[in-house]
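> File follows, start_29.cif with mmCIF, C-alpha atoms:
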```
data_input
loop_
_atom_site.label_atom_id
_atom_site.label_comp_id
_atom_site.auth_asym_id
_atom_site.auth_seq_id
_atom_site.Cartn_x
_atom_site.Cartn_y
_atom_site.Cartn_z
CA MET A 1 107.59 117.24 75.09
CA VAL A 2 107.70 113.85 73.33
CA LYS A 3 111.19 113.26 74.65
CA ALA A 4 110.05 114.10 78.15
CA LEU A 5 107.22 111.58 77.87
CA PHE A 6 109.61 108.96 76.52
CA TRP A 7 112.13 109.39 79.32
CA ALA A 8 109.51 109.72 82.05
CA SER A 9 107.83 106.46 81.06
CA LEU A 10 111.15 104.66 80.64
CA SER A 11 112.30 105.91 84.04
CA CYS A 12 109.10 104.73 85.69
CA ILE A 13 109.40 101.22 84.21
CA ALA A 14 113.10 101.02 85.06
CA TYR A 15 112.47 102.16 88.62
CA VAL A 16 109.71 99.61 89.26
CA TYR A 17 111.65 96.60 87.98
CA VAL A 18 115.29 97.56 88.57
CA GLY A 19 115.62 100.76 90.58
CA TYR A 20 113.35 99.69 93.40
CA PRO A 21 115.10 96.33 93.98
CA LEU A 22 118.44 98.18 93.98
CA LEU A 23 117.05 100.71 96.44
CA LEU A 24 115.93 97.88 98.71
CA MET A 25 119.37 96.24 98.53
CA LEU A 26 120.97 99.48 99.67
CA TRP A 27 118.28 100.30 102.21
CA ARG A 28 118.50 96.97 104.01
CA ARG A 29 122.24 97.39 104.35
CA ILE A 30 121.86 100.60 106.29
CA ALA A 31 118.53 100.10 108.06
CA GLN A 32 117.97 96.42 108.65
CA ARG A 33 115.60 95.60 111.51
CA PRO A 34 116.12 92.00 112.63
CA ILE A 35 113.28 89.92 114.07
CA HIS A 36 113.78 88.40 117.51
CA LYS A 37 112.38 84.99 116.73
CA ARG A 38 111.81 82.43 119.51
CA TYR A 39 110.15 79.04 119.20
CA GLN A 40 106.96 78.89 121.24
CA GLU A 41 103.56 77.21 121.13
CA PRO A 42 100.69 79.71 121.35
CA SER A 43 97.22 78.45 120.46
CA VAL A 44 96.60 78.76 116.72
CA SER A 45 93.38 78.77 114.72
CA LEU A 46 93.96 77.68 111.13
CA ILE A 47 91.16 79.03 108.96
CA VAL A 48 90.44 77.84 105.44
CA ALA A 49 87.55 79.34 103.50
CA MET A 50 86.11 77.06 100.82
CA HIS A 51 83.48 77.40 98.14
CA ASN A 52 83.70 74.54 95.64
CA GLU A 53 86.82 72.67 96.72
CA ARG A 54 85.73 69.04 96.68
CA LYS A 55 88.98 68.00 95.00
CA ASN A 56 91.17 69.80 97.52
CA ALA A 57 89.19 69.70 100.77
CA ARG A 58 90.20 66.27 102.09
CA ARG A 59 93.83 66.70 101.08
CA LYS A 60 93.97 70.08 102.76
CA ILE A 61 92.50 68.85 106.03
CA GLU A 62 94.77 65.78 106.07
CA ASN A 63 97.68 68.16 105.54
CA CYS A 64 96.54 70.13 108.61
CA PHE A 65 96.63 66.92 110.68
CA GLU A 66 100.20 66.23 109.54
CA LEU A 67 101.57 69.54 110.83
CA ASP A 68 104.21 69.44 113.54
CA TYR A 69 102.27 71.36 116.18
CA PRO A 70 100.47 70.19 119.34
CA ALA A 71 96.97 69.06 118.36
CA ASP A 72 95.44 70.64 121.46
CA LYS A 73 96.84 74.01 120.39
CA LEU A 74 95.84 73.85 116.75
CA GLN A 75 92.21 74.52 115.91
CA VAL A 76 91.30 73.78 112.30
CA ILE A 77 88.33 75.75 110.99
CA VAL A 78 86.77 75.25 107.57
CA SER A 79 84.41 78.04 106.61
CA LEU A 80 82.12 76.82 103.84
CA ASP A 81 80.57 79.34 101.52
CA ALA A 82 77.52 77.61 100.03
CA PRO A 83 79.38 74.86 98.18
CA THR A 84 77.49 73.12 95.39
CA ASP A 85 79.97 70.41 94.43
CA GLY A 86 79.86 68.24 97.55
CA THR A 87 82.64 70.01 99.46
CA ASP A 88 80.39 70.14 102.52
CA ALA A 89 79.96 66.35 102.52
CA ALA A 90 83.71 65.86 102.20
CA VAL A 91 84.42 68.25 105.07
CA ARG A 92 81.70 67.13 107.48
CA ASP A 93 83.34 63.71 107.84
CA TYR A 94 86.14 65.49 109.65
CA GLY A 95 83.83 67.04 112.22
CA PHE A 96 84.40 63.90 114.28
CA ARG A 97 88.14 64.48 114.15
CA GLY A 98 87.94 67.93 115.69
CA VAL A 99 87.63 70.13 112.61
CA ASP A 100 85.29 73.06 113.20
CA VAL A 101 83.00 73.51 110.24
CA VAL A 102 81.23 76.83 109.71
CA TYR A 103 78.56 76.67 107.04
CA SER A 104 76.88 79.43 105.11
CA PRO A 105 73.89 78.21 103.04
CA VAL A 106 74.00 81.31 100.82
CA ARG A 107 76.96 82.73 98.96
CA ILE A 108 78.62 85.40 101.05
CA GLY A 109 82.04 85.63 99.41
CA LYS A 110 85.54 84.81 100.58
CA ALA A 111 85.99 87.77 102.94
CA ALA A 112 82.72 87.14 104.77
CA ALA A 113 83.54 83.43 104.96
CA LEU A 114 86.84 84.32 106.62
CA ASN A 115 85.01 86.61 109.04
CA ASN A 116 82.75 83.68 109.96
CA GLY A 117 85.77 81.47 110.49
CA VAL A 118 87.46 84.04 112.72
CA ALA A 119 84.25 84.39 114.78
CA ARG A 120 84.65 80.69 115.65
CA ALA A 121 88.39 80.96 116.34
CA THR A 122 89.74 80.58 119.85
CA GLY A 123 93.46 80.81 119.12
CA GLU A 124 95.82 83.62 120.03
CA VAL A 125 97.11 83.46 116.47
CA LEU A 126 94.97 83.30 113.33
CA LEU A 127 96.51 81.39 110.47
CA PHE A 128 94.89 81.82 107.07
CA ALA A 129 95.30 79.34 104.25
CA ASP A 130 93.80 78.46 100.90
CA ALA A 131 92.41 75.05 100.08
CA ARG A 132 94.76 74.16 97.26
CA GLN A 133 98.24 74.66 98.70
CA ARG A 134 100.01 72.19 100.96
CA PHE A 135 101.89 73.29 104.10
CA ASP A 136 105.33 72.11 105.06
CA LYS A 137 105.27 70.09 108.28
CA ASN A 138 106.96 72.76 110.41
CA ALA A 139 105.27 75.77 108.76
CA VAL A 140 103.11 76.71 111.75
CA ARG A 141 106.02 76.49 114.19
CA GLU A 142 108.17 78.72 111.97
CA LEU A 143 105.42 81.28 111.51
CA VAL A 144 104.44 81.67 115.17
CA ALA A 145 108.06 81.87 116.38
CA ASN A 146 108.09 85.39 114.94
CA PHE A 147 105.32 86.54 117.29
CA ALA A 148 107.84 86.37 120.13
CA ASP A 149 108.89 89.75 118.75
CA GLU A 150 106.31 92.25 120.00
CA SER A 151 106.74 94.48 116.96
CA VAL A 152 105.45 91.75 114.63
CA GLY A 153 101.72 91.74 113.89
CA SER A 154 101.54 89.53 110.83
CA VAL A 155 103.78 86.89 109.26
CA SER A 156 103.60 85.58 105.72
CA GLY A 157 105.10 82.25 104.77
CA GLU A 158 106.88 81.47 101.52
CA LEU A 159 104.95 79.89 98.69
CA PHE A 160 106.89 77.60 96.37
CA VAL A 161 105.52 77.17 92.89
CA LEU A 162 106.42 73.67 91.73
CA ASP A 163 106.45 72.19 88.26
CA GLU A 164 105.15 68.74 87.33
CA GLU A 165 108.39 67.13 88.50
CA GLY A 166 108.11 68.67 91.95
CA LYS A 167 110.93 71.17 91.38
CA GLU A 168 110.56 74.91 91.72
CA ALA A 169 109.11 76.12 88.42
CA SER A 170 111.77 77.46 86.07
CA ASP A 171 109.48 78.97 83.46
CA ALA A 172 108.70 82.68 83.12
CA VAL A 173 106.01 82.55 85.77
CA GLY A 174 108.34 80.74 88.17
CA ALA A 175 111.09 83.30 87.54
CA TYR A 176 108.66 86.15 88.16
CA TRP A 177 107.57 84.54 91.42
CA ARG A 178 111.17 84.11 92.61
CA TYR A 179 111.84 87.78 91.81
CA GLU A 180 108.73 88.73 93.75
CA LYS A 181 109.84 86.70 96.79
CA LYS A 182 113.27 88.36 96.79
CA LEU A 183 111.56 91.74 96.93
CA ARG A 184 109.37 90.61 99.80
CA ALA A 185 112.34 89.27 101.74
CA MET A 186 114.16 92.59 101.43
CA GLU A 187 111.07 94.61 102.33
CA SER A 188 110.60 92.43 105.37
CA GLU A 189 114.16 93.04 106.54
CA ILE A 190 113.60 96.81 106.38
CA HIS A 191 110.12 97.02 107.94
CA SER A 192 107.18 95.25 106.35
CA VAL A 193 105.95 93.61 103.20
CA PRO A 194 102.94 95.33 101.60
CA GLY A 195 100.84 92.18 101.61
CA ALA A 196 101.17 88.50 102.34
CA SER A 197 100.85 85.22 100.52
CA GLY A 198 97.17 84.23 100.75
CA ALA A 199 98.23 80.60 100.88
CA ILE A 200 99.93 80.98 104.26
CA TYR A 201 99.88 83.94 106.62
CA ALA A 202 99.30 84.41 110.31
CA VAL A 203 98.20 87.40 112.39
CA ARG A 204 97.79 88.19 116.06
CA ARG A 205 94.16 87.61 117.02
CA GLU A 206 93.80 90.99 118.72
CA LEU A 207 94.87 92.83 115.58
CA PHE A 208 92.25 91.28 113.31
CA VAL A 209 89.42 93.56 112.24
CA PRO A 210 86.55 91.96 110.28
CA LEU A 211 86.86 92.43 106.53
CA ASP A 212 84.41 94.27 104.33
CA PRO A 213 82.39 91.54 102.57
CA ASP A 214 83.46 92.68 99.11
CA THR A 215 87.18 92.60 99.90
CA ILE A 216 89.10 90.95 97.07
CA LEU A 217 92.56 90.71 98.65
CA ASP A 218 92.27 89.72 102.28
CA ASP A 219 95.98 88.88 102.18
CA VAL A 220 96.86 92.51 101.47
CA VAL A 221 94.14 94.32 103.41
CA ILE A 222 94.75 92.47 106.71
CA PRO A 223 98.55 92.97 106.77
CA MET A 224 98.24 96.60 105.66
CA ARG A 225 95.74 97.35 108.41
CA ILE A 226 98.24 95.89 110.86
CA VAL A 227 101.04 98.03 109.45
CA LEU A 228 98.85 101.13 109.82
CA ARG A 229 98.45 100.21 113.48
CA GLY A 230 102.21 100.38 113.93
CA LYS A 231 103.11 96.69 113.82
CA ARG A 232 105.26 94.93 111.28
CA SER A 233 104.07 92.55 108.58
CA ILE A 234 106.98 90.29 107.80
CA PHE A 235 108.02 87.47 105.50
CA GLU A 236 109.24 84.15 106.92
CA PRO A 237 110.91 81.99 104.27
CA ALA A 238 111.22 79.01 106.63
CA ALA A 239 107.43 78.64 106.72
CA ARG A 240 106.72 76.99 103.42
CA ALA A 241 103.66 76.15 101.39
CA TYR A 242 103.63 74.48 98.00
CA ASP A 243 101.53 75.03 94.93
CA LEU A 244 101.61 73.67 91.41
CA ALA A 245 102.68 76.01 88.62
CA SER A 246 100.13 77.19 86.11
CA GLN A 247 100.22 75.04 83.02
CA ASN A 248 100.45 78.13 80.85
CA PRO A 249 100.76 81.92 81.22
CA GLU A 250 97.05 82.41 80.61
CA LEU A 251 96.14 80.81 83.93
CA GLU A 252 98.64 83.07 85.64
CA TYR A 253 97.02 85.96 83.80
CA GLU A 254 93.72 85.12 85.46
CA ARG A 255 95.34 85.13 88.88
CA LYS A 256 97.16 88.34 88.16
CA THR A 257 94.02 90.10 86.95
CA ARG A 258 92.28 89.25 90.19
CA THR A 259 95.25 90.45 92.24
CA LEU A 260 95.56 93.72 90.35
CA THR A 261 91.81 94.39 90.51
CA GLY A 262 92.21 93.89 94.25
CA ASN A 263 95.03 96.41 94.32
CA TYR A 264 92.80 99.05 92.73
CA GLN A 265 90.21 98.23 95.36
CA LEU A 266 92.84 98.46 98.09
CA PHE A 267 93.75 102.04 97.16
CA ALA A 268 90.09 103.01 96.79
CA HIS A 269 89.08 101.54 100.16
CA MET A 270 92.18 102.56 102.09
CA PRO A 271 93.29 105.97 100.74
CA GLU A 272 95.29 106.55 103.93
CA LEU A 273 97.84 104.13 102.50
CA LEU A 274 98.81 106.86 100.07
CA VAL A 275 99.52 109.39 102.83
CA PRO A 276 103.27 109.22 103.56
CA TRP A 277 103.00 110.23 107.22
CA ARG A 278 100.24 107.70 107.92
CA ASN A 279 101.79 104.71 106.19
CA PRO A 280 105.20 103.60 107.53
CA ILE A 281 105.87 101.66 104.32
CA PHE A 282 104.63 104.29 101.91
CA VAL A 283 107.68 104.02 99.64
CA GLN A 284 107.45 100.22 99.51
CA LEU A 285 103.72 100.23 98.78
CA VAL A 286 103.92 102.86 96.06
CA SER A 287 106.98 101.26 94.46
CA HIS A 288 105.77 97.68 94.67
CA LYS A 289 102.00 97.87 94.25
CA LEU A 290 101.13 101.21 92.67
CA GLY A 291 104.15 101.07 90.37
CA ARG A 292 103.00 97.75 88.92
CA LEU A 293 99.63 99.27 88.12
CA LEU A 294 101.27 102.15 86.26
CA VAL A 295 103.76 100.14 84.19
CA PRO A 296 101.39 99.06 81.38
CA TYR A 297 100.40 102.66 80.70
CA CYS A 298 104.08 103.66 80.76
CA LEU A 299 104.78 100.90 78.23
CA ALA A 300 102.09 102.30 75.95
CA VAL A 301 103.45 105.86 76.29
CA LEU A 302 106.97 104.56 75.67
CA LEU A 303 105.96 102.88 72.42
CA ILE A 304 103.84 105.75 71.14
CA SER A 305 106.33 108.49 72.04
CA ASN A 306 109.10 106.42 70.43
CA LEU A 307 107.15 106.50 67.16
CA PHE A 308 107.81 110.24 66.97
CA LEU A 309 111.50 109.84 67.77
CA LEU A 310 113.01 107.65 65.10
CA ARG A 311 116.61 108.83 64.96
CA GLY A 312 119.86 107.48 66.39
CA PHE A 313 119.43 105.94 69.84
CA TYR A 314 115.65 106.30 69.65
CA LEU A 315 115.47 104.33 66.41
CA ALA A 316 117.53 101.50 67.94
CA PHE A 317 115.28 101.55 70.99
CA PHE A 318 112.20 101.42 68.80
CA VAL A 319 113.57 98.38 66.95
CA CYS A 320 114.20 96.71 70.32
CA GLN A 321 110.62 97.39 71.38
CA ILE A 322 109.24 95.95 68.15
CA LEU A 323 111.47 92.89 68.56
CA TRP A 324 110.27 92.45 72.14
CA TYR A 325 106.62 92.56 71.16
CA GLY A 326 107.35 90.30 68.18
CA LEU A 327 108.87 87.75 70.56
CA ALA A 328 105.83 88.12 72.79
CA ALA A 329 103.58 87.36 69.82
CA SER A 330 105.71 84.27 69.05
CA GLY A 331 105.41 83.22 72.67
CA ARG A 332 101.68 83.53 72.39
CA LEU A 333 101.64 81.26 69.35
CA LEU A 334 103.78 78.71 71.19
CA SER A 335 101.54 78.87 74.20
CA THR A 336 98.50 78.39 72.00
CA ARG A 337 99.86 75.07 70.78
CA SER A 338 99.91 73.66 74.31
CA GLY A 339 96.41 73.16 75.63
CA GLU A 340 93.31 75.21 75.18
CA SER A 341 93.68 78.25 72.97
CA PRO A 342 94.65 81.19 75.18
CA ALA A 343 93.22 83.58 72.62
CA ARG A 344 89.88 81.90 73.12
CA GLN A 345 90.30 81.96 76.89
CA LEU A 346 91.22 85.63 76.88
CA LEU A 347 88.33 86.46 74.60
CA GLN A 348 85.97 84.66 76.95
CA ILE A 349 87.44 86.48 79.93
CA SER A 350 87.23 89.90 78.29
CA GLN A 351 83.65 89.21 77.22
CA GLY A 352 82.74 88.14 80.72
CA LYS A 353 81.78 84.63 79.52
CA LYS A 354 84.39 83.09 81.73
CA GLY A 355 84.98 83.89 85.40
CA ILE A 356 88.37 85.16 86.45
CA MET B 1 113.61 73.45 71.95
CA ASN B 2 112.27 73.59 75.47
CA THR B 3 114.74 76.38 76.30
CA VAL B 4 113.68 78.36 73.23
CA ARG B 5 110.07 77.90 74.21
CA LYS B 6 110.76 79.10 77.75
CA ALA B 7 112.72 82.10 76.43
CA LEU B 8 109.89 83.08 74.09
CA LEU B 9 107.38 82.82 76.89
CA VAL B 10 109.26 85.48 78.91
CA PRO B 11 108.19 88.48 76.76
CA TYR B 12 104.74 86.96 76.28
CA THR B 13 104.28 86.52 80.02
CA PHE B 14 105.56 90.06 80.64
CA VAL B 15 103.06 91.53 78.18
CA LEU B 16 100.24 89.37 79.51
CA MET B 17 100.94 90.31 83.14
CA ASN B 18 100.92 93.99 82.22
CA TRP B 19 97.72 93.58 80.28
CA ALA B 20 96.30 92.07 83.48
CA ALA B 21 96.74 95.48 85.15
CA VAL B 22 94.64 97.11 82.44
CA ALA B 23 92.03 94.35 82.69
CA GLY B 24 92.12 94.77 86.48
CA LEU B 25 91.20 98.44 86.14
CA TYR B 26 88.36 97.47 83.82
CA TYR B 27 87.00 94.89 86.25
CA PHE B 28 87.39 97.25 89.17
CA ALA B 29 85.57 100.04 87.32
CA ARG B 30 82.81 97.62 86.29
CA ARG B 31 82.64 96.27 89.87
CA HIS B 32 83.12 92.71 88.67
CA PRO B 33 80.81 90.76 90.95
CA ASP B 34 82.66 87.58 91.61
CA PHE B 35 86.31 86.65 91.98
CA TRP B 36 85.42 83.59 93.98
CA ASN B 37 84.10 81.28 91.25
CA ASN B 38 87.37 79.83 90.18
CA PRO B 39 89.51 78.63 93.10
CA GLY B 40 92.46 78.53 90.72
CA THR B 41 92.57 82.30 90.64
CA ARG B 42 93.97 82.61 94.14
CA ARG B 43 97.58 82.44 94.96
CA ARG B 44 99.20 85.47 96.44
#
```
Using the file provided, produce a representation of the structure as structure tokens.

Amino acid sequence: MVKALFWASLSCIAYVYVGYPLLLMLWRRIAQRPIHKRYQEPSVSLIVAMHNERKNARRKIENCFELDYPADKLQVIVSLDAPTDGTDAAVRDYGFRGVDVVYSPVRIGKAAALNNGVARATGEVLLFADARQRFDKNAVRELVANFADESVGSVSGELFVLDEEGKEASDAVGAYWRYEKKLRAMESEIHSVPGASGAIYAVRRELFVPLDPDTILDDVVIPMRIVLRGKRSIFEPAARAYDLASQNPELEYERKTRTLTGNYQLFAHMPELLVPWRNPIFVQLVSHKLGRLLVPYCLAVLLISNLFLLRGFYLAFFVCQILWYGLAASGRLLSTRSGESPARQLLQISQGKKGI
Amino acid sequence: MNTVRKALLVPYTFVLMNWAAVAGLYYFARRHPDFWNNPGTRRR
């Protein structure tokens, strides 16, 4: 029984991080579905929802003006969600330069703010972005070229996480993000990616259905709804956006917690995603999203079951596990030395004293 | 030294990211009211 638990948990972890990428590599070799991309200029509505983004608002809007796309075909919409830091003042200056500003005087949340922005949109394509990340000049052109293929309903761009020197981050978080993007690229070649990058993704206007106001991950819910309607949700690496790397793993932890909470919500709100004959990317979704939710529990079972199996191979494996967690503890100490104490941050987060 | 630091942060990051899944379940179960406060929490 203990051995069965040990091997089941080890198999699950190995499948999520190694087996699934290998499966994708094989799968795309035998069932690749190319996209028939063609450069075109449909009207695009670029929607950015903002709450308190005073630091980023001007830079983001200026970045929108710099994009290589006809100005008369690019509508920029800023949907303000009751900002209290002066974001509204920063944004309203741009009303004279053609930016559509939608204002909510009471907090309605990100999803509702996006709904408000979409209600104002006139474009054939809706392009969603976050306030902090910067678009590459040709990002819009590269994204919309994919809509020449009728099977495509949503396109996600590629987000580059840069370090302080402007190079792609080479730390653990950067490596994780590169691994994640490789998975997305392979999933896209086969059918669809279960989700998009919230910093840069576009959808056909007619496929957008207003979000539930409490939606946490609009960038997963919208593409998955499109996939359920029989269209593809793809990844376009030529459409780039840039973000700065987290200064330490704790900040990435905050992001990850939000994302994973959103994944639980996704499965609760859209149970049809877990029905193989309803969801054309059932295997990808379960392997990529659900698998990641299960791994921590598998890790716990692996460690505990290993405690009861301390002979031969199992003893060596147990030593490896202890070493791994020892190194993790050392990493935590190192991380603590740089910047605010992560232990303190985590304590505040777990006690609800700090927002995530 | 920088390389050693980066190498040590790999297991730490792995453990932290997995702990995030447990915390995510906790927040989901508690219906955490607001993921909007900190704009830095959005990326992907």
> Evaluate the PyMOL selection byres ((chain B and resi 11) around 12) against this structure - the residues, as number ranges by chain, please.
A: 171-173, 176, 249, 321-332, 335; B: 5-10, 12-18
> Return the neighbours of chain B among the residues of chain A, cut-off 8 Å, counting only C-alpha atoms, as an mmCIF file with C-alpha atoms, in the frame of the given file.

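Everything below was put into part31.cif:
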```cif
data_model
loop_
_atom_site.group_PDB
_atom_site.id
_atom_site.type_symbol
_atom_site.label_atom_id
_atom_site.label_comp_id
_atom_site.auth_asym_id
_atom_site.auth_seq_id
_atom_site.Cartn_x
_atom_site.Cartn_y
_atom_site.Cartn_z
ATOM 1 C CA HIS A 51 83.480 77.400 98.140
ATOM 2 C CA ASN A 52 83.700 74.540 95.640
ATOM 3 C CA GLU A 53 86.820 72.670 96.720
ATOM 4 C CA GLY A 109 82.040 85.630 99.410
ATOM 5 C CA LYS A 110 85.540 84.810 100.580
ATOM 6 C CA ASP A 130 93.800 78.460 100.900
ATOM 7 C CA ASP A 171 109.480 78.970 83.460
ATOM 8 C CA ALA A 172 108.700 82.680 83.120
ATOM 9 C CA VAL A 173 106.010 82.550 85.770
ATOM 10 C CA ALA A 196 101.170 88.500 102.340
ATOM 11 C CA SER A 197 100.850 85.220 100.520
ATOM 12 C CA GLY A 198 97.170 84.230 100.750
ATOM 13 C CA ALA A 199 98.230 80.600 100.880
ATOM 14 C CA ILE A 216 89.100 90.950 97.070
ATOM 15 C CA ASP A 219 95.980 88.880 102.180
ATOM 16 C CA PRO A 249 100.760 81.920 81.220
ATOM 17 C CA GLU A 250 97.050 82.410 80.610
ATOM 18 C CA LEU A 251 96.140 80.810 83.930
ATOM 19 C CA GLU A 252 98.640 83.070 85.640
ATOM 20 C CA TYR A 253 97.020 85.960 83.800
ATOM 21 C CA GLU A 254 93.720 85.120 85.460
ATOM 22 C CA ARG A 255 95.340 85.130 88.880
ATOM 23 C CA LYS A 256 97.160 88.340 88.160
ATOM 24 C CA THR A 257 94.020 90.100 86.950
ATOM 25 C CA ARG A 258 92.280 89.250 90.190
ATOM 26 C CA THR A 259 95.250 90.450 92.240
ATOM 27 C CA LEU A 260 95.560 93.720 90.350
ATOM 28 C CA THR A 261 91.810 94.390 90.510
ATOM 29 C CA GLY A 262 92.210 93.890 94.250
ATOM 30 C CA TYR A 264 92.800 99.050 92.730
ATOM 31 C CA GLN A 265 90.210 98.230 95.360
ATOM 32 C CA ARG A 292 103.000 97.750 88.920
ATOM 33 C CA LEU A 293 99.630 99.270 88.120
ATOM 34 C CA VAL A 295 103.760 100.140 84.190
ATOM 35 C CA PRO A 296 101.390 99.060 81.380
ATOM 36 C CA TRP A 324 110.270 92.450 72.140
ATOM 37 C CA TYR A 325 106.620 92.560 71.160
ATOM 38 C CA LEU A 327 108.870 87.750 70.560
ATOM 39 C CA ALA A 328 105.830 88.120 72.790
ATOM 40 C CA ALA A 329 103.580 87.360 69.820
ATOM 41 C CA SER A 330 105.710 84.270 69.050
ATOM 42 C CA GLY A 331 105.410 83.220 72.670
ATOM 43 C CA ARG A 332 101.680 83.530 72.390
ATOM 44 C CA LEU A 334 103.780 78.710 71.190
ATOM 45 C CA SER A 335 101.540 78.870 74.200
ATOM 46 C CA SER A 350 87.230 89.900 78.290
ATOM 47 C CA GLY A 355 84.980 83.890 85.400
ATOM 48 C CA ILE A 356 88.370 85.160 86.450
#
```
> In Å, with one decimal, what is the gap from CA of Asp100 in chain A to CA of Ala202 in chain A?
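A separation of 18.3 Å between them.
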> Could you work out how far CA of Gly157 in chain A lies from CA of Arg38 in chain A, giving the answer in Å with one decimal?
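If I compute the distance from CA of Arg38 in chain A to CA of Gly157 in chain A, I get 16.2 Å.
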> What gap, in Å, lies between CA of Val16 in chain A and CA of Leu290 in chain A?
9.4 Å
> Just say which residues the PyMOL selection byres ((chain A and resi 281) around 12) picks in this file, as a PyMOL selection string.
chain A and resi 187-188+190-195+223-234+272-280+282-289
> Name the residues in contact with range 304-314 of chain A at a cut-off of 7 Å, using only C-alpha atoms, excluding same-chain residues fewer than 4 positions from it; report them as a ChimeraX atom specification.
/A:2,5-6,300,318
> Can you spit out the residues from that selection as a PDB file, in the frame of the given file, using C-alpha atoms?

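Okay, result_23.pdb is ready:
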```
ATOM      1  CA  VAL A   2     107.700 113.850  73.330  1.00  0.00           C
ATOM      2  CA  LEU A   5     107.220 111.580  77.870  1.00  0.00           C
ATOM      3  CA  PHE A   6     109.610 108.960  76.520  1.00  0.00           C
ATOM      4  CA  ALA A 300     102.090 102.300  75.950  1.00  0.00           C
ATOM      5  CA  PHE A 318     112.200 101.420  68.800  1.00  0.00           C
TER       6      PHE A 318
END
```
> Which residue gives the smallest distance to Ile108 in chain A among A:Asp163, A:Glu142, A:Asp93, A:Asp81, with all atoms listed in the file counted?
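Among the listed residues, the smallest separation from Ile108 in chain A belongs to A:Asp81.
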> Pull out every residue that the PyMOL selection byres ((chain A and resi 123-126) around 8) matches in the shown coordinates and put them as a PyMOL selection string.
chain A and resi 42-47+73-75+118+121-122+127-128+144+202-206
> Go ahead and write the residues just picked, C-alpha atoms, as a PDB file, keeping the file's coordinate frame.

```pdb
ATOM      1  CA  PRO A  42     100.690  79.710 121.350  1.00  0.00           C
ATOM      2  CA  SER A  43      97.220  78.450 120.460  1.00  0.00           C
ATOM      3  CA  VAL A  44      96.600  78.760 116.720  1.00  0.00           C
ATOM      4  CA  SER A  45      93.380  78.770 114.720  1.00  0.00           C
ATOM      5  CA  LEU A  46      93.960  77.680 111.130  1.00  0.00           C
ATOM      6  CA  ILE A  47      91.160  79.030 108.960  1.00  0.00           C
ATOM      7  CA  LYS A  73      96.840  74.010 120.390  1.00  0.00           C
ATOM      8  CA  LEU A  74      95.840  73.850 116.750  1.00  0.00           C
ATOM      9  CA  GLN A  75      92.210  74.520 115.910  1.00  0.00           C
ATOM     10  CA  VAL A 118      87.460  84.040 112.720  1.00  0.00           C
ATOM     11  CA  ALA A 121      88.390  80.960 116.340  1.00  0.00           C
ATOM     12  CA  THR A 122      89.740  80.580 119.850  1.00  0.00           C
ATOM     13  CA  LEU A 127      96.510  81.390 110.470  1.00  0.00           C
ATOM     14  CA  PHE A 128      94.890  81.820 107.070  1.00  0.00           C
ATOM     15  CA  VAL A 144     104.440  81.670 115.170  1.00  0.00           C
ATOM     16  CA  ALA A 202      99.300  84.410 110.310  1.00  0.00           C
ATOM     17  CA  VAL A 203      98.200  87.400 112.390  1.00  0.00           C
ATOM     18  CA  ARG A 204      97.790  88.190 116.060  1.00  0.00           C
ATOM     19  CA  ARG A 205      94.160  87.610 117.020  1.00  0.00           C
ATOM     20  CA  GLU A 206      93.800  90.990 118.720  1.00  0.00           C
TER      21      GLU A 206
END
```
> Compare A:Leu244, A:Val99, A:Ala316, A:Leu67 by their minimum atom-to-atom distance to Glu165 in chain A, counting all atoms listed in the file, and give me the closest one.
A:Leu244
